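**Student:** Structure supplied as final-v7.pdb; contents: PDB, C-alpha atoms and all ligand atoms.
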ATOM      1  CA  MET A   1      81.042  99.773  83.346  1.00  0.00           C
ATOM      2  CA  HIS A   2      77.642  99.845  84.982  1.00  0.00           C
ATOM      3  CA  ALA A   3      77.235  96.548  86.767  1.00  0.00           C
ATOM      4  CA  GLU A   4      75.775  94.974  89.855  1.00  0.00           C
ATOM      5  CA  TRP A   5      76.457  91.994  92.124  1.00  0.00           C
ATOM      6  CA  ARG A   6      73.422  89.800  92.685  1.00  0.00           C
ATOM      7  CA  GLN A   7      72.780  86.687  94.701  1.00  0.00           C
ATOM      8  CA  GLY A   8      74.036  83.861  92.491  1.00  0.00           C
ATOM      9  CA  PRO A   9      73.061  80.277  91.773  1.00  0.00           C
ATOM     10  CA  SER A  10      75.070  77.311  93.023  1.00  0.00           C
ATOM     11  CA  PRO A  11      76.955  75.120  90.522  1.00  0.00           C
ATOM     12  CA  LYS A  12      74.314  72.390  90.637  1.00  0.00           C
ATOM     13  CA  GLN A  13      71.588  74.793  89.568  1.00  0.00           C
ATOM     14  CA  LEU A  14      73.314  75.741  86.319  1.00  0.00           C
ATOM     15  CA  THR A  15      72.287  74.790  82.811  1.00  0.00           C
ATOM     16  CA  LEU A  16      74.906  73.640  80.345  1.00  0.00           C
ATOM     17  CA  GLU A  17      74.954  77.094  78.732  1.00  0.00           C
ATOM     18  CA  TRP A  18      75.706  78.776  82.055  1.00  0.00           C
ATOM     19  CA  THR A  19      78.325  76.227  82.964  1.00  0.00           C
ATOM     20  CA  GLU A  20      80.080  76.781  79.652  1.00  0.00           C
ATOM     21  CA  SER A  21      80.243  80.551  80.276  1.00  0.00           C
ATOM     22  CA  ILE A  22      81.714  79.930  83.722  1.00  0.00           C
ATOM     23  CA  ARG A  23      84.209  77.473  82.283  1.00  0.00           C
ATOM     24  CA  GLN A  24      85.418  80.222  79.960  1.00  0.00           C
ATOM     25  CA  LEU A  25      85.554  82.752  82.791  1.00  0.00           C
ATOM     26  CA  PHE A  26      87.731  80.366  84.860  1.00  0.00           C
ATOM     27  CA  LEU A  27      89.990  79.537  81.953  1.00  0.00           C
ATOM     28  CA  GLU A  28      90.565  83.155  81.040  1.00  0.00           C
ATOM     29  CA  GLY A  29      90.693  84.412  84.634  1.00  0.00           C
ATOM     30  CA  THR A  30      92.872  81.824  86.336  1.00  0.00           C
ATOM     31  CA  GLY A  31      94.275  79.638  83.560  1.00  0.00           C
ATOM     32  CA  GLU A  32      92.556  76.720  85.230  1.00  0.00           C
ATOM     33  CA  GLU A  33      90.959  74.248  82.807  1.00  0.00           C
ATOM     34  CA  TYR A  34      87.768  72.748  84.130  1.00  0.00           C
ATOM     35  CA  PHE A  35      85.534  70.084  82.694  1.00  0.00           C
ATOM     36  CA  ILE A  36      81.845  70.942  82.606  1.00  0.00           C
ATOM     37  CA  GLY A  37      81.186  68.130  85.084  1.00  0.00           C
ATOM     38  CA  SER A  38      83.842  69.311  87.521  1.00  0.00           C
ATOM     39  CA  ILE A  39      82.261  72.773  87.658  1.00  0.00           C
ATOM     40  CA  GLN A  40      78.826  71.297  88.372  1.00  0.00           C
ATOM     41  CA  SER A  41      80.253  69.160  91.171  1.00  0.00           C
ATOM     42  CA  LEU A  42      82.170  71.943  92.961  1.00  0.00           C
ATOM     43  CA  PRO A  43      81.424  71.772  96.696  1.00  0.00           C
ATOM     44  CA  VAL A  44      79.258  74.891  96.832  1.00  0.00           C
ATOM     45  CA  PRO A  45      75.760  74.779  98.291  1.00  0.00           C
ATOM     46  CA  GLU A  46      72.796  76.892  97.330  1.00  0.00           C
ATOM     47  CA  TRP A  47      73.128  79.691  99.899  1.00  0.00           C
ATOM     48  CA  GLU A  48      73.595  83.386 100.617  1.00  0.00           C
ATOM     49  CA  GLY A  49      77.375  83.273 100.094  1.00  0.00           C
ATOM     50  CA  ASN A  50      77.132  83.046  96.286  1.00  0.00           C
ATOM     51  CA  PHE A  51      77.247  86.132  94.069  1.00  0.00           C
ATOM     52  CA  MET A  52      77.393  86.969  90.374  1.00  0.00           C
ATOM     53  CA  LEU A  53      78.306  90.266  88.713  1.00  0.00           C
ATOM     54  CA  PHE A  54      76.097  91.333  85.780  1.00  0.00           C
ATOM     55  CA  ASP A  55      76.462  94.286  83.454  1.00  0.00           C
ATOM     56  CA  SER A  56      72.828  94.401  82.387  1.00  0.00           C
ATOM     57  CA  GLU A  57      69.382  94.364  83.978  1.00  0.00           C
ATOM     58  CA  GLU A  58      68.997  90.832  82.796  1.00  0.00           C
ATOM     59  CA  SER A  59      70.800  88.143  84.783  1.00  0.00           C
ATOM     60  CA  SER A  60      71.919  86.080  81.812  1.00  0.00           C
ATOM     61  CA  HIS A  61      75.054  84.082  81.192  1.00  0.00           C
ATOM     62  CA  LYS A  62      75.963  86.598  78.485  1.00  0.00           C
ATOM     63  CA  SER A  63      75.940  89.535  80.891  1.00  0.00           C
ATOM     64  CA  MET A  64      77.822  87.718  83.666  1.00  0.00           C
ATOM     65  CA  ARG A  65      81.157  89.468  84.405  1.00  0.00           C
ATOM     66  CA  GLY A  66      82.195  87.789  87.613  1.00  0.00           C
ATOM     67  CA  LEU A  67      81.524  85.116  90.149  1.00  0.00           C
ATOM     68  CA  LEU A  68      82.074  84.497  93.861  1.00  0.00           C
ATOM     69  CA  TRP A  69      81.288  81.043  95.168  1.00  0.00           C
ATOM     70  CA  THR A  70      81.789  80.156  98.806  1.00  0.00           C
ATOM     71  CA  ALA A  71      80.866  77.345 101.163  1.00  0.00           C
ATOM     72  CA  PRO A  72      80.459  76.911 104.908  1.00  0.00           C
ATOM     73  CA  PHE A  73      83.617  75.123 105.943  1.00  0.00           C
ATOM     74  CA  LYS A  74      83.686  74.737 109.695  1.00  0.00           C
ATOM     75  CA  GLU A  75      81.403  76.060 112.366  1.00  0.00           C
ATOM     76  CA  ASP A  76      82.506  79.689 112.084  1.00  0.00           C
ATOM     77  CA  THR A  77      84.576  79.523 108.896  1.00  0.00           C
ATOM     78  CA  VAL A  78      83.649  80.143 105.293  1.00  0.00           C
ATOM     79  CA  ARG A  79      85.765  78.958 102.367  1.00  0.00           C
ATOM     80  CA  ILE A  80      86.080  80.781  99.069  1.00  0.00           C
ATOM     81  CA  VAL A  81      85.772  78.150  96.370  1.00  0.00           C
ATOM     82  CA  SER A  82      85.886  80.410  93.283  1.00  0.00           C
ATOM     83  CA  PHE A  83      86.414  84.138  92.888  1.00  0.00           C
ATOM     84  CA  VAL A  84      86.921  85.466  89.354  1.00  0.00           C
ATOM     85  CA  LEU A  85      86.165  88.641  87.460  1.00  0.00           C
ATOM     86  CA  ASP A  86      86.573  88.863  83.748  1.00  0.00           C
ATOM     87  CA  ALA A  87      89.575  90.872  82.609  1.00  0.00           C
ATOM     88  CA  GLY A  88      87.592  94.004  81.764  1.00  0.00           C
ATOM     89  CA  ALA A  89      85.989  94.088  85.201  1.00  0.00           C
ATOM     90  CA  ARG A  90      89.170  93.915  87.280  1.00  0.00           C
ATOM     91  CA  GLY A  91      90.867  96.724  89.162  1.00  0.00           C
ATOM     92  CA  LYS A  92      87.664  98.777  89.400  1.00  0.00           C
ATOM     93  CA  GLY A  93      86.598  97.921  92.892  1.00  0.00           C
ATOM     94  CA  TRP A  94      84.127  95.153  92.037  1.00  0.00           C
ATOM     95  CA  GLY A  95      86.138  92.602  93.986  1.00  0.00           C
ATOM     96  CA  SER A  96      86.277  94.907  97.008  1.00  0.00           C
ATOM     97  CA  LEU A  97      82.548  95.541  96.793  1.00  0.00           C
ATOM     98  CA  VAL A  98      81.535  91.879  96.822  1.00  0.00           C
ATOM     99  CA  TRP A  99      84.035  91.139  99.602  1.00  0.00           C
ATOM    100  CA  ASN A 100      82.157  93.590 101.806  1.00  0.00           C
ATOM    101  CA  MET A 101      78.769  92.227 100.689  1.00  0.00           C
ATOM    102  CA  LEU A 102      79.901  88.740 101.674  1.00  0.00           C
ATOM    103  CA  ALA A 103      81.268  89.968 105.007  1.00  0.00           C
ATOM    104  CA  GLU A 104      78.039  91.800 105.790  1.00  0.00           C
ATOM    105  CA  ARG A 105      75.892  88.760 105.091  1.00  0.00           C
ATOM    106  CA  LEU A 106      78.022  86.203 106.856  1.00  0.00           C
ATOM    107  CA  LEU A 107      79.046  88.250 109.897  1.00  0.00           C
ATOM    108  CA  SER A 108      75.373  88.582 110.749  1.00  0.00           C
ATOM    109  CA  ASN A 109      75.159  84.791 110.629  1.00  0.00           C
ATOM    110  CA  ASN A 110      78.043  84.364 113.051  1.00  0.00           C
ATOM    111  CA  TYR A 111      80.793  83.433 110.604  1.00  0.00           C
ATOM    112  CA  LYS A 112      84.110  84.771 111.870  1.00  0.00           C
ATOM    113  CA  GLN A 113      86.870  83.316 109.689  1.00  0.00           C
ATOM    114  CA  ILE A 114      87.507  83.113 105.970  1.00  0.00           C
ATOM    115  CA  GLN A 115      89.849  80.739 104.189  1.00  0.00           C
ATOM    116  CA  LEU A 116      90.871  79.951 100.626  1.00  0.00           C
ATOM    117  CA  GLU A 117      93.479  78.480  98.315  1.00  0.00           C
ATOM    118  CA  VAL A 118      95.462  80.597  95.860  1.00  0.00           C
ATOM    119  CA  ARG A 119      98.319  80.022  93.458  1.00  0.00           C
ATOM    120  CA  ALA A 120     101.631  81.246  94.880  1.00  0.00           C
ATOM    121  CA  SER A 121     102.229  83.026  91.552  1.00  0.00           C
ATOM    122  CA  ASN A 122      99.003  85.056  91.841  1.00  0.00           C
ATOM    123  CA  GLU A 123     100.521  88.127  93.484  1.00  0.00           C
ATOM    124  CA  ARG A 124      97.582  90.338  92.824  1.00  0.00           C
ATOM    125  CA  ALA A 125      95.084  88.022  94.505  1.00  0.00           C
ATOM    126  CA  ILE A 126      97.454  87.398  97.427  1.00  0.00           C
ATOM    127  CA  SER A 127      97.857  91.118  98.054  1.00  0.00           C
ATOM    128  CA  PHE A 128      94.078  91.582  97.722  1.00  0.00           C
ATOM    129  CA  TYR A 129      93.576  88.994 100.498  1.00  0.00           C
ATOM    130  CA  ARG A 130      96.462  90.302 102.632  1.00  0.00           C
ATOM    131  CA  GLU A 131      94.991  93.784 102.598  1.00  0.00           C
ATOM    132  CA  ARG A 132      91.842  92.197 103.952  1.00  0.00           C
ATOM    133  CA  GLY A 133      93.653  90.616 106.881  1.00  0.00           C
ATOM    134  CA  LEU A 134      94.282  87.101 105.561  1.00  0.00           C
ATOM    135  CA  GLU A 135      97.637  85.393 105.982  1.00  0.00           C
ATOM    136  CA  ILE A 136      99.347  82.467 104.353  1.00  0.00           C
ATOM    137  CA  ILE A 137      98.994  79.623 106.819  1.00  0.00           C
ATOM    138  CA  GLN A 138     100.173  76.697 104.735  1.00  0.00           C
ATOM    139  CA  GLU A 139     101.972  75.826 101.498  1.00  0.00           C
ATOM    140  CA  LEU A 140     100.034  73.526  99.212  1.00  0.00           C
ATOM    141  CA  HIS A 141     102.077  71.068  97.178  1.00  0.00           C
ATOM    142  CA  GLY A 142     100.147  69.146  94.556  1.00  0.00           C
ATOM    143  CA  TYR A 143      96.925  71.098  95.056  1.00  0.00           C
ATOM    144  CA  TYR A 144      97.262  72.831  91.688  1.00  0.00           C
ATOM    145  CA  ARG A 145      98.211  70.832  88.645  1.00  0.00           C
ATOM    146  CA  GLN A 146     101.229  73.087  88.231  1.00  0.00           C
ATOM    147  CA  GLY A 147     103.082  75.132  90.792  1.00  0.00           C
ATOM    148  CA  LEU A 148     102.874  75.898  94.452  1.00  0.00           C
ATOM    149  CA  GLY A 149      99.692  76.955  96.209  1.00  0.00           C
ATOM    150  CA  TYR A 150      98.959  78.718  99.466  1.00  0.00           C
ATOM    151  CA  MET A 151      96.179  78.327 101.916  1.00  0.00           C
ATOM    152  CA  MET A 152      95.205  81.714 103.360  1.00  0.00           C
ATOM    153  CA  ARG A 153      93.035  82.406 106.358  1.00  0.00           C
ATOM    154  CA  GLY A 154      91.970  85.334 108.483  1.00  0.00           C
ATOM    155  CA  PRO A 155      89.159  87.023 110.310  1.00  0.00           C
ATOM    156  CA  LEU A 156      86.120  87.830 108.219  1.00  0.00           C
ATOM    157  CA  ARG A 157      85.762  91.601 108.215  1.00  0.00           C
ATOM    158  CA  PHE A 158      84.959  94.662 106.169  1.00  0.00           C
ATOM    159  CA  HIS A 159      87.721  96.400 104.312  1.00  0.00           C
ATOM    160  CA  HIS A 160      87.576 100.164 104.034  1.00  0.00           C
ATOM    161  CA  PRO A 161      89.615 101.480 101.080  1.00  0.00           C
ATOM    162  CA  ASN A 162      92.206 104.136 101.897  1.00  0.00           C
ATOM    163  CA  ASN A 163      92.296 102.983 105.463  1.00  0.00           C
ATOM    164  CA  HIS A 164      94.848 100.259 105.673  1.00  0.00           C
ATOM    165  CA  THR A 165      94.903 100.081 109.447  1.00  0.00           C
ATOM    166  CA  PRO A 166      91.214 100.002 110.250  1.00  0.00           C
ATOM    167  CA  LYS A 167      90.321 100.448 113.873  1.00  0.00           C
ATOM    168  CA  GLU A 168      88.882  97.304 115.376  1.00  0.00           C
TER
HETATM  169  C1  LIG A 201      91.520  88.972  92.503  1.00  0.00           C
HETATM  170  C2  LIG A 201      90.273  89.702  92.012  1.00  0.00           C
HETATM  171  C3  LIG A 201      89.033  88.895  92.380  1.00  0.00           C
HETATM  172  C4  LIG A 201      90.224  91.082  92.759  1.00  0.00           C
HETATM  173  O1  LIG A 201      89.118  91.827  92.342  1.00  0.00           O
HETATM  174  P1  LIG A 201      89.254  93.290  91.690  1.00  0.00           P
HETATM  175  O2  LIG A 201      87.891  93.810  91.433  1.00  0.00           O
HETATM  176  O3  LIG A 201      90.205  93.243  90.559  1.00  0.00           O
HETATM  177  O4  LIG A 201      89.899  94.113  92.888  1.00  0.00           O
HETATM  178  P2  LIG A 201      89.593  95.632  93.197  1.00  0.00           P
HETATM  179  O5  LIG A 201      89.416  96.419  91.970  1.00  0.00           O
HETATM  180  O6  LIG A 201      88.493  95.672  94.211  1.00  0.00           O
HETATM  181  O7  LIG A 201      90.963  96.087  93.819  1.00  0.00           O
HETATM  182  C5  LIG A 201      91.422  95.547  95.003  1.00  0.00           C
HETATM  183  C6  LIG A 201      92.806  96.041  95.272  1.00  0.00           C
HETATM  184  O8  LIG A 201      93.697  95.623  94.234  1.00  0.00           O
HETATM  185  C7  LIG A 201      94.490  96.729  93.803  1.00  0.00           C
HETATM  186  N1  LIG A 201      94.645  96.664  92.363  1.00  0.00           N
HETATM  187  C8  LIG A 201      93.875  97.242  91.440  1.00  0.00           C
HETATM  188  N2  LIG A 201      94.366  96.975  90.219  1.00  0.00           N
HETATM  189  C9  LIG A 201      95.470  96.220  90.400  1.00  0.00           C
HETATM  190  C10 LIG A 201      96.432  95.648  89.516  1.00  0.00           C
HETATM  191  N3  LIG A 201      96.356  95.807  88.193  1.00  0.00           N
HETATM  192  N4  LIG A 201      97.426  94.913  90.055  1.00  0.00           N
HETATM  193  C11 LIG A 201      97.527  94.749  91.392  1.00  0.00           C
HETATM  194  N5  LIG A 201      96.647  95.285  92.253  1.00  0.00           N
HETATM  195  C12 LIG A 201      95.640  96.008  91.772  1.00  0.00           C
HETATM  196  C13 LIG A 201      93.781  97.972  94.185  1.00  0.00           C
HETATM  197  O9  LIG A 201      94.731  98.918  94.603  1.00  0.00           O
HETATM  198  C14 LIG A 201      92.870  97.544  95.293  1.00  0.00           C
HETATM  199  O10 LIG A 201      93.409  97.910  96.521  1.00  0.00           O
HETATM  200  P3  LIG A 201      92.440  98.543  97.660  1.00  0.00           P
HETATM  201  O11 LIG A 201      91.561  97.423  98.121  1.00  0.00           O
HETATM  202  O12 LIG A 201      93.382  99.012  98.702  1.00  0.00           O
HETATM  203  O13 LIG A 201      91.667  99.625  97.008  1.00  0.00           O
HETATM  204  C15 LIG A 201      90.304  89.945  90.485  1.00  0.00           C
HETATM  205  O14 LIG A 201      91.402  90.745  90.147  1.00  0.00           O
HETATM  206  C16 LIG A 201      90.337  88.680  89.631  1.00  0.00           C
HETATM  207  O15 LIG A 201      89.297  88.129  89.287  1.00  0.00           O
HETATM  208  N6  LIG A 201      91.534  88.196  89.259  1.00  0.00           N
HETATM  209  C17 LIG A 201      91.691  87.017  88.388  1.00  0.00           C
HETATM  210  C18 LIG A 201      91.192  85.743  89.033  1.00  0.00           C
HETATM  211  C19 LIG A 201      91.833  85.486  90.348  1.00  0.00           C
HETATM  212  O16 LIG A 201      93.033  85.628  90.505  1.00  0.00           O
HETATM  213  N7  LIG A 201      91.034  85.085  91.343  1.00  0.00           N
HETATM  214  C20 LIG A 201      91.485  84.743  92.690  1.00  0.00           C
HETATM  215  C21 LIG A 201      91.816  83.289  92.739  1.00  0.00           C
HETATM  216  S1  LIG A 201      92.104  82.783  94.433  1.00  0.00           S
END
Re-express the file's structure as structure tokens.
**Tutor:**
Amino acid sequence: MHAEWRQGPSPKQLTLEWTESIRQLFLEGTGEEYFIGSIQSLPVPEWEGNFMLFDSEESSHKSMRGLLWTAPFKEDTVRIVSFVLDAGARGKGWGSLVWNMLAERLLSNNYKQIQLEVRASNERAISFYRERGLEIIQELHGYYRQGLGYMMRGPLRFHHPNNHTPKE
């Protein structure tokens, strides 16, 4: 698949058509059912930490294949609010690529930590984050409608594939 990550809009900037495509991406990607209004009110500002993956020159809702939304959380910490690729785009390195794009942008703006919430059953995502230096710091009961969640946190840094013990 030829595709590209581009700076993305924030939830509040989206038309209904866009929001509907994202709703479907979330439903299919995470099993999480959102209302249109709850997507538009996600706590994500318009800023450099938002990315979308497109598989055509045109940045349209029809060519969107993935989404990374983040938000400044504390002074030096960024929070991942949503990170989803559609099924056909997974396992090809697109997630790794945007992780490094995010790290590059935010490290130069003095962010040092990254934190997020993930379902305890989402082994793939948890190992993706662990490989990138994040650790489970708290169990979340009642955060997800069903099942246990974890809060994960770690230093914001690049991840170099095939080098699982990167030199600091
Ligand atoms: C989690 C997610 C964002 C990761 O992105 P991705 O593009 O699939 O990940 P990559 O292709 O960059 O692969 C990352 C690692 O996962 C591993 N991986 C690839 N395919 C895999 C698979 N089928 N199962 C488990 N791990 C796999 C790779 O070995 C790779 O390891 P590396 O970094 O050492 O090379 C993506 O899979 C996704 O959208 N999943 C569904 C939604 C979701 O769970 N979001 C997170 C919610 S918190």
**Student:** Can you tell me which residues sit at most 9 Å away from ligand LIG 201 (chain A), counting only C-alpha atoms and all ligand atoms, written as a count of residues only?
**Tutor:** 48
**Student:** Could you state which residues are captured by the PyMOL selection byres (((chain A and resi 72) around 12) and not hetatm) in this file, as a ChimeraX atom specification?
**Tutor:** /A:43-50,69-71,73-81,106,109-116
**Student:** For those residues, write C-alpha atoms to a file as a short mmCIF file (atom, residue, chain, number, x, y, z; two decimals), in the frame of the given file.
**Tutor:**
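Result file again_3.cif:
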data_model
loop_
_atom_site.label_atom_id
_atom_site.label_comp_id
_atom_site.auth_asym_id
_atom_site.auth_seq_id
_atom_site.Cartn_x
_atom_site.Cartn_y
_atom_site.Cartn_z
CA PRO A 43 81.42 71.77 96.70
CA VAL A 44 79.26 74.89 96.83
CA PRO A 45 75.76 74.78 98.29
CA GLU A 46 72.80 76.89 97.33
CA TRP A 47 73.13 79.69 99.90
CA GLU A 48 73.60 83.39 100.62
CA GLY A 49 77.38 83.27 100.09
CA ASN A 50 77.13 83.05 96.29
CA TRP A 69 81.29 81.04 95.17
CA THR A 70 81.79 80.16 98.81
CA ALA A 71 80.87 77.34 101.16
CA PHE A 73 83.62 75.12 105.94
CA LYS A 74 83.69 74.74 109.70
CA GLU A 75 81.40 76.06 112.37
CA ASP A 76 82.51 79.69 112.08
CA THR A 77 84.58 79.52 108.90
CA VAL A 78 83.65 80.14 105.29
CA ARG A 79 85.76 78.96 102.37
CA ILE A 80 86.08 80.78 99.07
CA VAL A 81 85.77 78.15 96.37
CA LEU A 106 78.02 86.20 106.86
CA ASN A 109 75.16 84.79 110.63
CA ASN A 110 78.04 84.36 113.05
CA TYR A 111 80.79 83.43 110.60
CA LYS A 112 84.11 84.77 111.87
CA GLN A 113 86.87 83.32 109.69
CA ILE A 114 87.51 83.11 105.97
CA GLN A 115 89.85 80.74 104.19
CA LEU A 116 90.87 79.95 100.63
#
**Student:** To test your reading of the syntax: which residues would the PyMOL selection byres (((chain A and resi 9) around 8) and not hetatm) return for the file shown? Reply as a ChimeraX atom specification.
**Tutor:** /A:7-8,10-11,13-14,46,50-51
**Student:** As an exercise, work out the distance from CA of Ile22 (chain A) to CA of Ser59 (chain A) in Å and give it to one decimal place.
**Tutor:** 13.7 Å
**Student:** I would like the residues chosen by the PyMOL selection byres (((chain A and resi 157) around 6) and not hetatm) on the shown file; could you give them as a list in words?
**Tutor:**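 In the shown coordinates, the PyMOL selection byres (((chain A and resi 157) around 6) and not hetatm) covers Ala103, Leu156 and Phe158 of chain A.
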**Student:** Counting all atoms listed in the file, which residue out of A:Tyr144, A:Trp5, A:Trp18, A:Tyr34 sits closest to Ser56 (chain A)?
**Tutor:**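 Using all atoms listed in the file, Ser56 (chain A) sits closest to A:Trp5.
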**Student:** Quick one: residues within 9 Å of Ser21 (chain A), only C-alpha atoms counted, chain neighbours fewer than 5 positions away excluded, as a PyMOL selection string?
**Tutor:** chain A and resi 16+26+61-62+64
**Student:** Rounded to one decimal place, report the CA of Ile136 (chain A)-CA of Leu107 (chain A) distance in Å.
**Tutor:**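 Spanning CA of Ile136 (chain A) to CA of Leu107 (chain A) is a straight-line distance of 21.8 Å.
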**Student:** Enter the distance from CA of Ser121 (chain A) to CA of Glu20 (chain A), in Å, rounded to one decimal.
**Tutor:**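 Pair CA of Ser121 (chain A) / CA of Glu20 (chain A) returns 25.9 Å.
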**Student:** With distances taken over only C-alpha atoms, which of A:Arg6, A:Lys12, A:Phe35, A:Arg23 is nearest to Glu57 (chain A)?
**Tutor:**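 When distances to Glu57 (chain A) are compared using only C-alpha atoms, the smallest one comes from A:Arg6.
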**Student:** Between A:Met101, A:Ala3, A:Leu27, A:Ile39, which one has atoms that come closest to Ser63 (chain A), using all atoms listed in the file?
**Tutor:**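 The shortest atom-to-atom distance to Ser63 (chain A) comes from A:Ala3.
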**Student:** Name the closest residue to Gly133 (chain A) among the candidates A:Leu102, A:Met152, A:Ala120, A:Leu42; distances are taken between atoms, counting all atoms listed in the file.
**Tutor:** A:Met152
**Student:** Would you please work out which residue, of A:Gln24, A:Ser60, A:Gln146, A:Thr19, is nearest to Ser41 (chain A) when using only C-alpha atoms?
**Tutor:** A:Thr19
